[in-house]
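Q: I am attaching a structure below and will ask some questions about it afterwards.
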Amino acid sequence: MAQLTMIEAIQNAHDLAMERDDRVVVYGEDVGYFGGVFRCTAGLQQKYGTSRCFDAPINESGLIGTGIGMAAYGLRPVVEIQFADYMYPAYDQIVSEAARLRHRSAGDFTCPIVIRMPTGGGIYGGQTHSQSPEALFTHVAGLKVVVPSNPQDAKGLLCAAIEDPDPVIILEPKRLYNGPFDGHHDRPVVPWKKHELGEVNDAYYTTEIGKAAIRREGQDVTVLAYGTMVHVALTAAQETGVDAEVIDLRSLIPLDLETIEVSVKKTGRCVVLHEATKTSGFGAELSAQVQEACFYHLEAPIIRVTGWDTPYPHAQEWDYFPGPARVGAALKSVMKEH
Amino acid sequence: MAQLTMIEAIQNAHDLAMERDDRVVVYGEDVGYFGGVFRCTAGLQQKYGTSRCFDAPINESGLIGTGIGMAAYGLRPVVEIQFADYMYPAYDQIVSEAARLRHRSAGDFTCPIVIRMPTGGGIYGGQTHSQSPEALFTHVAGLKVVVPSNPQDAKGLLCAAIEDPDPVIILEPKRLYNGPFDGHHDRPVVPWKKHELGEVNDAYYTTEIGKAAIRREGQDVTVLAYGTMVHVALTAAQETGVDAEVIDLRSLIPLDLETIEVSVKKTGRCVVLHEATKTSGFGAELSAQVQEACFYHLEAPIIRVTGWDTPYPHAQEWDYFPGPARVGAALKSVMKEH
Amino acid sequence: MSNSVPLTLHVPEPGCRPGDTPDFSGFEVPVAGETRRPDPLTAPEDIRDLAFSIVRVLDDDGEAKGPWAGTFEKEALLDGLRHMMTLRTFDDRMLRAQRQGKTSFYMQHLGEEAVACAFRLALRDGDMHFPTYRQAGLLIAGGYPLTTMMNQIYSNAADPIKGRQMPIFYSAKDHGFFSLSGNLGTQFVQAVGWGMASAISGDTKIAAAWIGDGSTAETDFHSAMVFASTYKAPVILNIVNNQWAISTFQGIARGNATTFAARGHGFGIPAIRVDGNDYLAVHAVARWAAERARSGHGSTLIEHVTYRSGGHSTSDDPSAYRAKEEGHSWPLGDPIERLKAHLISIDAWSDDRHKQAEAEIQDEVRFAQKEAEANGTLISGPAPSPRDMFEDVYAEMPPHLRAQRQEAGF
Amino acid sequence: MSNSVPLTLHVPEPGCRPGDTPDFSGFEVPVAGETRRPDPLTAPEDIRDLAFSIVRVLDDDGEAKGPWAGTFEKEALLDGLRHMMTLRTFDDRMLRAQRQGKTSFYMQHLGEEAVACAFRLALRDGDMHFPTYRQAGLLIAGGYPLTTMMNQIYSNAADPIKGRQMPIFYSAKDHGFFSLSGNLGTQFVQAVGWGMASAISGDTKIAAAWIGDGSTAETDFHSAMVFASTYKAPVILNIVNNQWAISTFQGIARGNATTFAARGHGFGIPAIRVDGNDYLAVHAVARWAAERARSGHGSTLIEHVTYRSGGHSTSDDPSAYRAKEEGHSWPLGDPIERLKAHLISIDAWSDDRHKQAEAEIQDEVRFAQKEAEANGTLISGPAPSPRDMFEDVYAEMPPHLRAQRQEAGF
Ligand SMILES: Cc1ncc(C[n+]2csc(CCOP(=O)(O)OP(=O)(O)O)c2C)c(N)n1
Ligand SMILES: Cc1ncc(C[n+]2csc(CCOP(=O)(O)OP(=O)(O)O)c2C)c(N)n1
Ligand SMILES: [Mg+2]
Ligand SMILES: [Mg+2]
């Protein structure tokens, strides 16, 4: 066991996966010699050589396009997109190719690629270093989509993704890289060192893709969250005193509807959180599914607390971010409904 | 007044818009000399010359990228993407650039571009000629998204889009180009000639973007639909005898929530339809919004009837398409709930 | 600079449209045998001239000429002729099947048969092609069963991809034929990745990427060039310039460049043009490029100069945008006729044997068709189950898909 | 072909990494004045050599040499020197402001000042630049107020773009400076569209596109080349090759090509390399390309050869990936020193006047900074209202945004 940051946990997962399986290759922009702008691949090139971990041209479409070719050959490419905001040039290769290769060839070819990308705001990154595009992946049949909220899961989900026979998108909330950020941006940073989920097993392990984790049990309202919003939710529950059950989805596709359903049927209330823009965000899907599965148990409307339908602003970042005040208000308001 | 097909109505809208405003330029793959693979731009090059209507290289990103430059210059580019399935290479330019130009420059630069694309299945087009990617646009702040269901609206919405100061995506259900297809693929094609919405005013006119149309008034259940599914809904209502109120959304962003809300509060029931894959489809957003706005009026869960979460298959097209049988069953089932 | 002359938009136009008389006089046809054949390991900057010539082996009399000749045994050439004839016959019958409503769509190879057929024989089993929809010759020359191809075209119960894709979107891993995509260009860079993977693995296999003239404009073309150049990937990058992209002539994608092959120069990738209607030339150039790739010298860009004699697909009517006679004026002739003339000139073939072969191939294709139709066509007979639709979205079906399949009632 | 040797992946490496001694001996520096200056309307295929040389005017002694010299009046050159000095001082103060926490981020131009400053003066008011984040010289040379630039950097109450974008993402339509995007490469093809629009409209304006060496790998680079080539768009396509893309040396994007400029050849676009640290050379080449564009001869690709002496941004520490001394060994020197030496050599300038100018510029920049800080910084003082966030998503605010703004309570 070691206390790791999320960055260290991700680096460690790469390392162990490369060690046990020489089909694993890691590449991306600044990923090789330098070890990535967030250092998630630090030391890998030195350890495994330039043909297992290398710098790539700045061409996201080419990153994924070549990765698909490698995966079809039989390798296990792990590709880093420097920021999720820069995945759009690769979107065609992801949607039209990686996601559909198994289906369109009836399993003749497959595409076990892992695509990692830092996501979310909170670092004054403005509209091109802050986005949360998960809903653009959850709409695409054939992709799995996971979002870790802590070092333990970051390692286990990455290892599971590399083993997975299908393409997996990992959205890594960059604001969590160094600590369990709860939205109180004006308070000192809490490091992972002090957090139980920063305690990471040294050995190789996987975290099952498709299983949610209940981070806080509660009776009054179910909160569905992932990534950074898990920590915001926990803080908001504590601050408001609302006895919320906080579910960390971890995997958006496949979704652990069972865990969600049990919880909402128990609490009768549901609040859905994400940082992405509201309209057609993944929160809409969660709201729709909860409503379909638990209609007769709902005592209040399902509320979504999300980023606004605007580009992520630079100076007004904290007016955009759905922080503990907004989440707390939602918890209280949903409790007031009869 | 003339009886036009949807193709003719779209061609006519281009023609009138180009005639009254020489900032309007039209281009795309096979759009110039040949007039488009669906003939929606037939005759325009002959009438307005090669610098107003021209063939373009097969590069969707370049189509939109150059269009953004033209729009920023002050022109009114209308770009055809040959099939909506081929818009992905252009997705970065649409999302990162067209959608955000006004906001990021605080109005210093704007992007009045119109992007047309045939959408939907029903022509044995398989997974790359059948997609309905509207939800990938509705999630993006800064875009307007419209889907005409008939020649009258196709003309009016295109003219309105060209006048609009912001980027507008027009998804044209290709299965409606030649007639009001209702999902009964095994029956003879009904032409627009026999349909009142095929009667198109000769003059230039616009249809307001953001206003839904009630295609059938009813008391029992509100059906939210757009494009081809409007006709499927009308047929399913007739076949089942369920007194459905069928709302043709026409515009997804902005959404006419007012019309929806009034209707659902009246009927207490709601069925949402689309052809796109279910998860994170626009139906999820509709379901979430209806639930938020009408929770205390709902007598039954909101049901979604959509395409399955698989690629659009070739041979099993009609097993995939949410036709009148599935919609009818949903209408009846939602009426059975207490 | 006093020039304030109003600018105008330059829009390239083809030499001829319906009603015009075709004129290929501007199209320079090098004399067969005249283009040099440098050592395949020559540095790219020393062979830039190859991008502005056209490698041709067969002259107008069917004689094989020059340094690119002689890569083939006679027996192999007879096979080659048969492959091309089979492909043409196959096309013809499938076109008809489509018109008879037995399937939804078809695309033919008329006039371009030499390109894929000759290329295939220069590569080895185990190498991987990333083809476009116009390289079924790779399958036929590689011995893939005609019946299986037809099963796919009919989306019938024996279709190896279970009716999921449109006709001709084959997938045949064991035959080195990557699953076809409807999205133009995407596979071009995937081939580079496959080649990189072979190099990463210390393997000896190489990849072949395929793209049309029109599709070189796609952004994935650039991605492929960049990655191939940087990592010296063992991949042959093939552009099939058949002069048209649906209704759009090649000048719209080529722009102001002299040739498509020249695109390679900006990447330090050797580029070469070849007479795509000359079976011998295509094969020789393919072998040359394969040797380069296998010896660790990286990629080669090949522009196959040919002509799409038919419509783009069964949905297309070319008479709306090009002169009907254009195909007949095409200066590089017909690939089958040219190889046939060569074989006759070397006394390996005769008109009679040709006719006989035609009849045999007709029978063979007709037989395959019968066999395939016994498995059903798109509109009748056995078909893949709708249940299948939900399979292979993932290796293991997740709960939401299981629920949907149940809801669908299959 | 008997070669079944296992393949290996080729991964390009820079000549030097931390700990190594920099070695630019492989980098050929042509003698100043020796590269020919063909007529700007020469056909692209007749000037391919220009992509493999480097146009240089100033020699090591500060003398202006050869056919590209003489495009400038003395007065204009003094302005040019001042622009570069101002930019460097501006960078220096804003770097410090960032370190003081007054804003979140900054990117400097150290060593590359000549490129944008000299280029700007070759274009006219009304022309439009589509810059990257490293062309603030366009604004300074164009007379855009320093205070306004700082207002943007501080995201303060007077920021013309209302705090919406990260520092240095300026937008200044009236100064021919297109709104900056954080997405690399996207603007390169937009510039082509802007130029096409000018041609469509019968206008006389031209566009200038800008991209970094690393970003030429992006797919939008290809789109720009394709559309510029096809429609002969009046646009100058600038590649600023400053040798690095964050931690990645230019060889990863360039691959096996000899130069980035050579990328033009595959499109029939004339390509030329210029010493980016030579103010006179950049200006001369820019004028040459502008003349081409204005006279309807279409695009030119310019590779500005320079060196990024500073870190990539305030988030970057280059000592982790390149030798500290590399910048000092860079053979093309410092653009300010070189122009200064030239002006002294022609008796238009002196060390004293230089020092005096430095002091004046310091004052000017400091004064602007004070003025800007009176409007607030990112962390204190007046700021744009959060209400603003909801504006300009659309020209007219749709109901759902009105509702959200209300919910936000602004
Ligand atoms: C991304 C994408 N854009 C557009 C299309 C529609 N389309 C199909 S084939 C074709 C023309 C391709 O021409 P070319 O590359 O020359 O190949 P050819 O058909 O001549 O073999 C077009 C535009 C597509 N399939 N994919
Ligand atoms: C689409 C996209 N991918 C990645 C990035 C991250 N990124 C920002 S700057 C940069 C390096 C650019 O290098 P270069 O083009 O050489 O320009 P320079 O910084 O040297 O001026 C990278 C990778 C980005 N901004 N956009
Ligand atoms: Mg073609
Ligand atoms: Mg650079």
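As shown in the structure tokens, the chain order sets the letters A, B, ...; within each chain, residues go from 1, and ligands are also counted from 1 in the order they appear.
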What lies within 10 Å of Thr248 (chain D) using only C-alpha atoms, ignoring chain neighbours under 5 positions off, as a ChimeraX atom specification?

A: /A:29-34,55-58 /D:13-14,214,243,253,321-322

Q: Those residues with C-alpha atoms, as a PDB file, in the first residue's frame please?

A:
```pdb
ATOM      1  CA  GLU A  29       1.526  14.356 -27.425  1.00  0.00           C
ATOM      2  CA  ASP A  30       4.467  14.972 -25.026  1.00  0.00           C
ATOM      3  CA  VAL A  31       3.874  11.525 -23.563  1.00  0.00           C
ATOM      4  CA  GLY A  32       7.257   9.995 -24.332  1.00  0.00           C
ATOM      5  CA  TYR A  33      10.469  11.684 -23.230  1.00  0.00           C
ATOM      6  CA  PHE A  34       8.751  14.236 -21.029  1.00  0.00           C
ATOM      7  CA  ASP A  55       5.954  11.118 -28.489  1.00  0.00           C
ATOM      8  CA  ALA A  56       3.439  11.601 -31.248  1.00  0.00           C
ATOM      9  CA  PRO A  57       2.695  14.341 -33.740  1.00  0.00           C
ATOM     10  CA  ILE A  58      -0.013  16.811 -32.709  1.00  0.00           C
TER      11      ILE A  58
ATOM     12  CA  GLU D  13      15.082  11.970 -31.616  1.00  0.00           C
ATOM     13  CA  PRO D  14      16.347  15.520 -31.236  1.00  0.00           C
ATOM     14  CA  GLY D 214       4.135  21.073 -34.204  1.00  0.00           C
ATOM     15  CA  GLN D 243      11.920  24.050 -33.297  1.00  0.00           C
ATOM     16  CA  ALA D 253       5.917  16.697 -36.819  1.00  0.00           C
ATOM     17  CA  TYR D 321      13.423  18.158 -21.952  1.00  0.00           C
ATOM     18  CA  ARG D 322      16.074  20.251 -23.692  1.00  0.00           C
TER      19      ARG D 322
END
```

Q: Can you list every residue of region 131-153 of chain B that has an atom at most 8 Å from region 226-241 of chain B, with its nearest atom pair and the distance in Å to one decimal, using only C-alpha atoms, ordered by chain then number, as a Markdown table?

A:
```
| residue | atom | partner | partner_atom | distance |
| --- | --- | --- | --- | --- |
| B:Val147 | CA | B:Gly227 | CA | 5.7 |
| B:Pro148 | CA | B:Gly227 | CA | 5.7 |
| B:Ser149 | CA | B:Gly227 | CA | 4.2 |
| B:Asn150 | CA | B:Gly227 | CA | 7.9 |
```

Q: Would you mind listing the residues within 10 Å of ligand 4, counting only C-alpha atoms and all ligand atoms, as a PyMOL selection string?

A: chain D and resi 134+211-216+239-250+253+306-308+312

Q: Wanna dump the chain A-ligand 1 contacts at 12 Å for me, each residue with its shortest atom pair and the distance in Å to one decimal, counting only C-alpha atoms and all ligand atoms, ordered by chain and number, as CSV?

A:
```
residue,atom,partner,partner_atom_place_in_ligand_line,distance
A:Asp92,CA,ligand 1,1 (C),8.8
A:Gln93,CA,ligand 1,1 (C),10.7
A:Ser96,CA,ligand 1,1 (C),9.6
A:Glu97,CA,ligand 1,1 (C),11.6
```

Q: With 7 Å as the limit and counting only C-alpha atoms, what residues in chain B lie close to chain D? Please list them as number ranges by chain.

A: B: 51, 59, 61-62, 65-70, 73, 75, 93, 102-108, 141-142, 165-166, 254

Q: If we count only C-alpha atoms, which residues of chain A reach to within 9 Å of chain B? Please list them as an MDAnalysis selection string.

A: chainID A and resid 61 85:93 95:96 100 103:104 127:128 135:142 277:289 291:296 300:304 308:311 313

Q: Could the residues of chain D within 8 Å of chain C, counting only C-alpha atoms, be given as a ChimeraX atom specification, please?

A: /D:1,3-12,196,198-204,217-220,222-223,226-227,229-233,251-269,291,294-296

Q: So how far away is CA of Tyr124 (chain B) from CA of Ala368 (chain C), in Å?

A: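 Interatomic distance, CA of Ala368 (chain C) to CA of Tyr124 (chain B): 24.2 Å.
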
Q: To one decimal in Å, tell me the separation between CA of Ile302 (chain D) and CA of Leu301 (chain C).

A: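 Taking CA of Ile302 (chain D) as the start and CA of Leu301 (chain C) as the end point, the length is 24.9 Å.
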
Q: Using DSSP on the backbone, list every residue of region 15-218 of chain A that comes out as strand (DSSP E), and give them as an NGL selection string.

A: :A and (24-28 or 53-55 or 76-80 or 114-119 or 144-146 or 168-173 or 199-200 or 213-216)

Q: Would you pick out the contacts of region 247-251 of chain A at 9 Å or less, using only C-alpha atoms, so that residues sharing its chain but fewer than 2 positions from it are not included, and give the list as number ranges by chain?

A: A: 144-149, 153, 157, 208-217, 222-227, 229-230, 245, 253-256, 259-260, 263

Q: Filtering to N, CA, C and O atoms, could you give me those residues as a short mmCIF file (atom, residue, chain, number, x, y, z; two decimals), in the first residue's frame?

A:
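Written file, result_8.cif:
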```
data_model
loop_
_atom_site.label_atom_id
_atom_site.label_comp_id
_atom_site.auth_asym_id
_atom_site.auth_seq_id
_atom_site.Cartn_x
_atom_site.Cartn_y
_atom_site.Cartn_z
N LYS A 144 -17.19 2.13 -24.11
CA LYS A 144 -17.38 2.17 -22.67
C LYS A 144 -16.80 3.48 -22.18
O LYS A 144 -15.83 3.99 -22.74
N VAL A 145 -17.41 4.04 -21.15
CA VAL A 145 -17.01 5.36 -20.68
C VAL A 145 -16.89 5.34 -19.17
O VAL A 145 -17.88 5.06 -18.47
N VAL A 146 -15.71 5.62 -18.66
CA VAL A 146 -15.51 5.62 -17.21
C VAL A 146 -14.90 6.94 -16.74
O VAL A 146 -14.21 7.61 -17.49
N VAL A 147 -15.20 7.27 -15.49
CA VAL A 147 -14.71 8.51 -14.88
C VAL A 147 -14.31 8.21 -13.44
O VAL A 147 -15.17 8.10 -12.57
N PRO A 148 -13.01 8.09 -13.17
CA PRO A 148 -12.59 7.82 -11.79
C PRO A 148 -12.69 9.08 -10.94
O PRO A 148 -12.53 10.20 -11.44
N SER A 149 -12.92 8.90 -9.66
CA SER A 149 -12.99 10.05 -8.76
C SER A 149 -11.88 10.01 -7.71
O SER A 149 -11.88 10.83 -6.80
N ASP A 153 -9.50 4.05 -7.74
CA ASP A 153 -10.26 3.71 -8.94
C ASP A 153 -9.51 4.06 -10.21
O ASP A 153 -9.63 3.37 -11.23
N LEU A 157 -9.40 1.15 -12.72
CA LEU A 157 -10.17 1.30 -13.95
C LEU A 157 -9.26 1.32 -15.16
O LEU A 157 -9.61 0.79 -16.23
N GLU A 208 -13.82 -3.29 -11.56
CA GLU A 208 -14.78 -3.71 -12.59
C GLU A 208 -15.46 -2.51 -13.26
O GLU A 208 -15.99 -1.62 -12.58
N ILE A 209 -15.44 -2.52 -14.57
CA ILE A 209 -16.12 -1.46 -15.32
C ILE A 209 -17.62 -1.78 -15.36
O ILE A 209 -18.00 -2.84 -15.85
N GLY A 210 -18.44 -0.87 -14.85
CA GLY A 210 -19.88 -1.13 -14.84
C GLY A 210 -20.45 -1.21 -13.44
O GLY A 210 -21.66 -1.47 -13.28
N LYS A 211 -19.61 -0.99 -12.44
CA LYS A 211 -20.10 -1.06 -11.07
C LYS A 211 -19.92 0.30 -10.39
O LYS A 211 -18.81 0.84 -10.35
N ALA A 212 -20.99 0.82 -9.82
CA ALA A 212 -20.92 2.08 -9.07
C ALA A 212 -20.46 1.81 -7.64
O ALA A 212 -20.41 0.66 -7.19
N ALA A 213 -20.09 2.88 -6.94
CA ALA A 213 -19.72 2.75 -5.52
C ALA A 213 -20.55 3.74 -4.72
O ALA A 213 -20.72 4.89 -5.13
N ILE A 214 -21.10 3.26 -3.62
CA ILE A 214 -21.83 4.19 -2.75
C ILE A 214 -20.82 4.83 -1.80
O ILE A 214 -20.17 4.15 -1.01
N ARG A 215 -20.64 6.14 -1.93
CA ARG A 215 -19.61 6.83 -1.14
C ARG A 215 -20.16 7.31 0.20
O ARG A 215 -19.41 7.63 1.11
N ARG A 216 -21.46 7.41 0.27
CA ARG A 216 -22.09 7.82 1.52
C ARG A 216 -23.47 7.22 1.52
O ARG A 216 -24.22 7.38 0.54
N GLU A 217 -23.82 6.51 2.56
CA GLU A 217 -25.17 5.98 2.63
C GLU A 217 -26.08 7.01 3.23
O GLU A 217 -25.66 7.83 4.07
N THR A 222 -31.12 10.47 -3.14
CA THR A 222 -30.01 9.83 -3.86
C THR A 222 -29.33 10.87 -4.73
O THR A 222 -30.00 11.58 -5.49
N VAL A 223 -28.03 10.97 -4.58
CA VAL A 223 -27.27 11.88 -5.44
C VAL A 223 -26.44 11.04 -6.41
O VAL A 223 -25.63 10.21 -5.99
N LEU A 224 -26.64 11.28 -7.71
CA LEU A 224 -25.85 10.58 -8.73
C LEU A 224 -24.76 11.51 -9.22
O LEU A 224 -25.04 12.62 -9.69
N ALA A 225 -23.53 11.07 -9.05
CA ALA A 225 -22.41 11.93 -9.40
C ALA A 225 -21.26 11.10 -9.94
O ALA A 225 -21.26 9.87 -9.82
N TYR A 226 -20.30 11.75 -10.55
CA TYR A 226 -19.06 11.08 -10.99
C TYR A 226 -17.95 12.11 -11.06
O TYR A 226 -18.20 13.31 -11.17
N GLY A 227 -16.73 11.64 -10.92
CA GLY A 227 -15.58 12.55 -10.99
C GLY A 227 -15.61 13.56 -9.86
O GLY A 227 -15.99 13.26 -8.73
N MET A 229 -17.55 15.84 -9.06
CA MET A 229 -18.83 16.12 -8.41
C MET A 229 -19.13 15.17 -7.24
O MET A 229 -19.96 15.48 -6.38
N VAL A 230 -18.46 14.04 -7.20
CA VAL A 230 -18.63 13.14 -6.06
C VAL A 230 -18.20 13.85 -4.78
O VAL A 230 -18.89 13.82 -3.75
N GLU A 245 -27.68 9.93 0.00
CA GLU A 245 -26.93 8.75 -0.42
C GLU A 245 -26.17 9.14 -1.69
O GLU A 245 -26.79 9.45 -2.71
N ILE A 253 -21.03 4.10 -19.07
CA ILE A 253 -21.44 3.01 -19.97
C ILE A 253 -20.46 1.88 -19.75
O ILE A 253 -19.27 2.07 -19.98
N PRO A 254 -20.86 0.71 -19.31
CA PRO A 254 -22.22 0.38 -18.87
C PRO A 254 -22.53 1.07 -17.54
O PRO A 254 -21.65 1.32 -16.73
N LEU A 255 -23.81 1.33 -17.34
CA LEU A 255 -24.28 2.03 -16.14
C LEU A 255 -24.79 1.00 -15.13
O LEU A 255 -25.46 0.04 -15.50
N ASP A 256 -24.49 1.25 -13.89
CA ASP A 256 -24.94 0.34 -12.83
C ASP A 256 -26.34 0.76 -12.36
O ASP A 256 -26.54 1.27 -11.27
N THR A 259 -27.81 -0.54 -8.82
CA THR A 259 -27.47 0.19 -7.60
C THR A 259 -28.28 1.49 -7.50
O THR A 259 -28.77 1.87 -6.43
N ILE A 260 -28.42 2.17 -8.62
CA ILE A 260 -29.17 3.43 -8.64
C ILE A 260 -30.63 3.18 -8.26
O ILE A 260 -31.21 3.89 -7.43
N SER A 263 -31.35 2.45 -4.64
CA SER A 263 -31.19 3.64 -3.80
C SER A 263 -32.38 4.60 -3.96
O SER A 263 -32.95 5.07 -2.98
#
```

Q: Residues at most 9 Å from Thr86 (chain C), counting only C-alpha atoms, excluding those fewer than 2 positions away in the same chain, as a list in words?

A: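 So the residues in contact are Leu81, Arg82, His83, Met84, Arg88, Thr89, Phe90, Asp91, Ile140, Glu358, Ile361, Gln362, Glu364 and Val365 of chain C.
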
Q: Tell me, which residues of region 232-359 of chain C carry DSSP helix (DSSP H, G or I), written as a ChimeraX atom specification?

A: /C:251-254,261-267,279-294,318-320,326-329,335-345,351-359

Q: Go through A:Met1, A:Leu143, A:Ile81, A:Ala244 and flag the residue nearest ligand 2, using only C-alpha atoms and all ligand atoms for the distances.

A: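 Answer, going by the shortest atom-to-atom distance: A:Ile81.
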
Q: Can you pull out the residues contacting Pro77 (chain A)? Cut-off 7 Å, using only C-alpha atoms, and skip same-chain residues under 6 positions away; I want them as a list in words.

A: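 Neighbouring residues, sequence-local ones excluded: Val24, Val25, Val26, Gly67, Met70, Ala71, Ile113 and Val114 of chain A.
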
Q: Put those residues in a file: C-alpha atoms, as a PDB file, in the first residue's frame.

A:
```
ATOM      1  CA  VAL A  24       0.633  -2.541 -24.245  1.00  0.00           C
ATOM      2  CA  VAL A  25       1.985   0.579 -25.972  1.00  0.00           C
ATOM      3  CA  VAL A  26       1.531   4.115 -24.707  1.00  0.00           C
ATOM      4  CA  GLY A  67      -4.303   3.226 -32.419  1.00  0.00           C
ATOM      5  CA  MET A  70      -2.526  -1.206 -33.748  1.00  0.00           C
ATOM      6  CA  ALA A  71      -5.465  -2.639 -31.829  1.00  0.00           C
ATOM      7  CA  ILE A 113      -7.957   0.675 -27.416  1.00  0.00           C
ATOM      8  CA  VAL A 114      -7.864   2.830 -24.287  1.00  0.00           C
TER       9      VAL A 114
END
```

Q: What does the distance between CA of Ala136 (chain C) and CA of Glu28 (chain C) come to in Å, to one decimal place?

A: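 Result for CA of Ala136 (chain C) versus CA of Glu28 (chain C): 29.1 Å, one decimal.
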
Q: Quick one: everything within 12 Å of Ala118 (chain D), counting only C-alpha atoms, minus sequence neighbours fewer than 5 positions away in the same chain. Send it as a PyMOL selection string.

A: chain D and resi 71-72+76-84+112-113+123+135-142+274-287+304+335-336+339
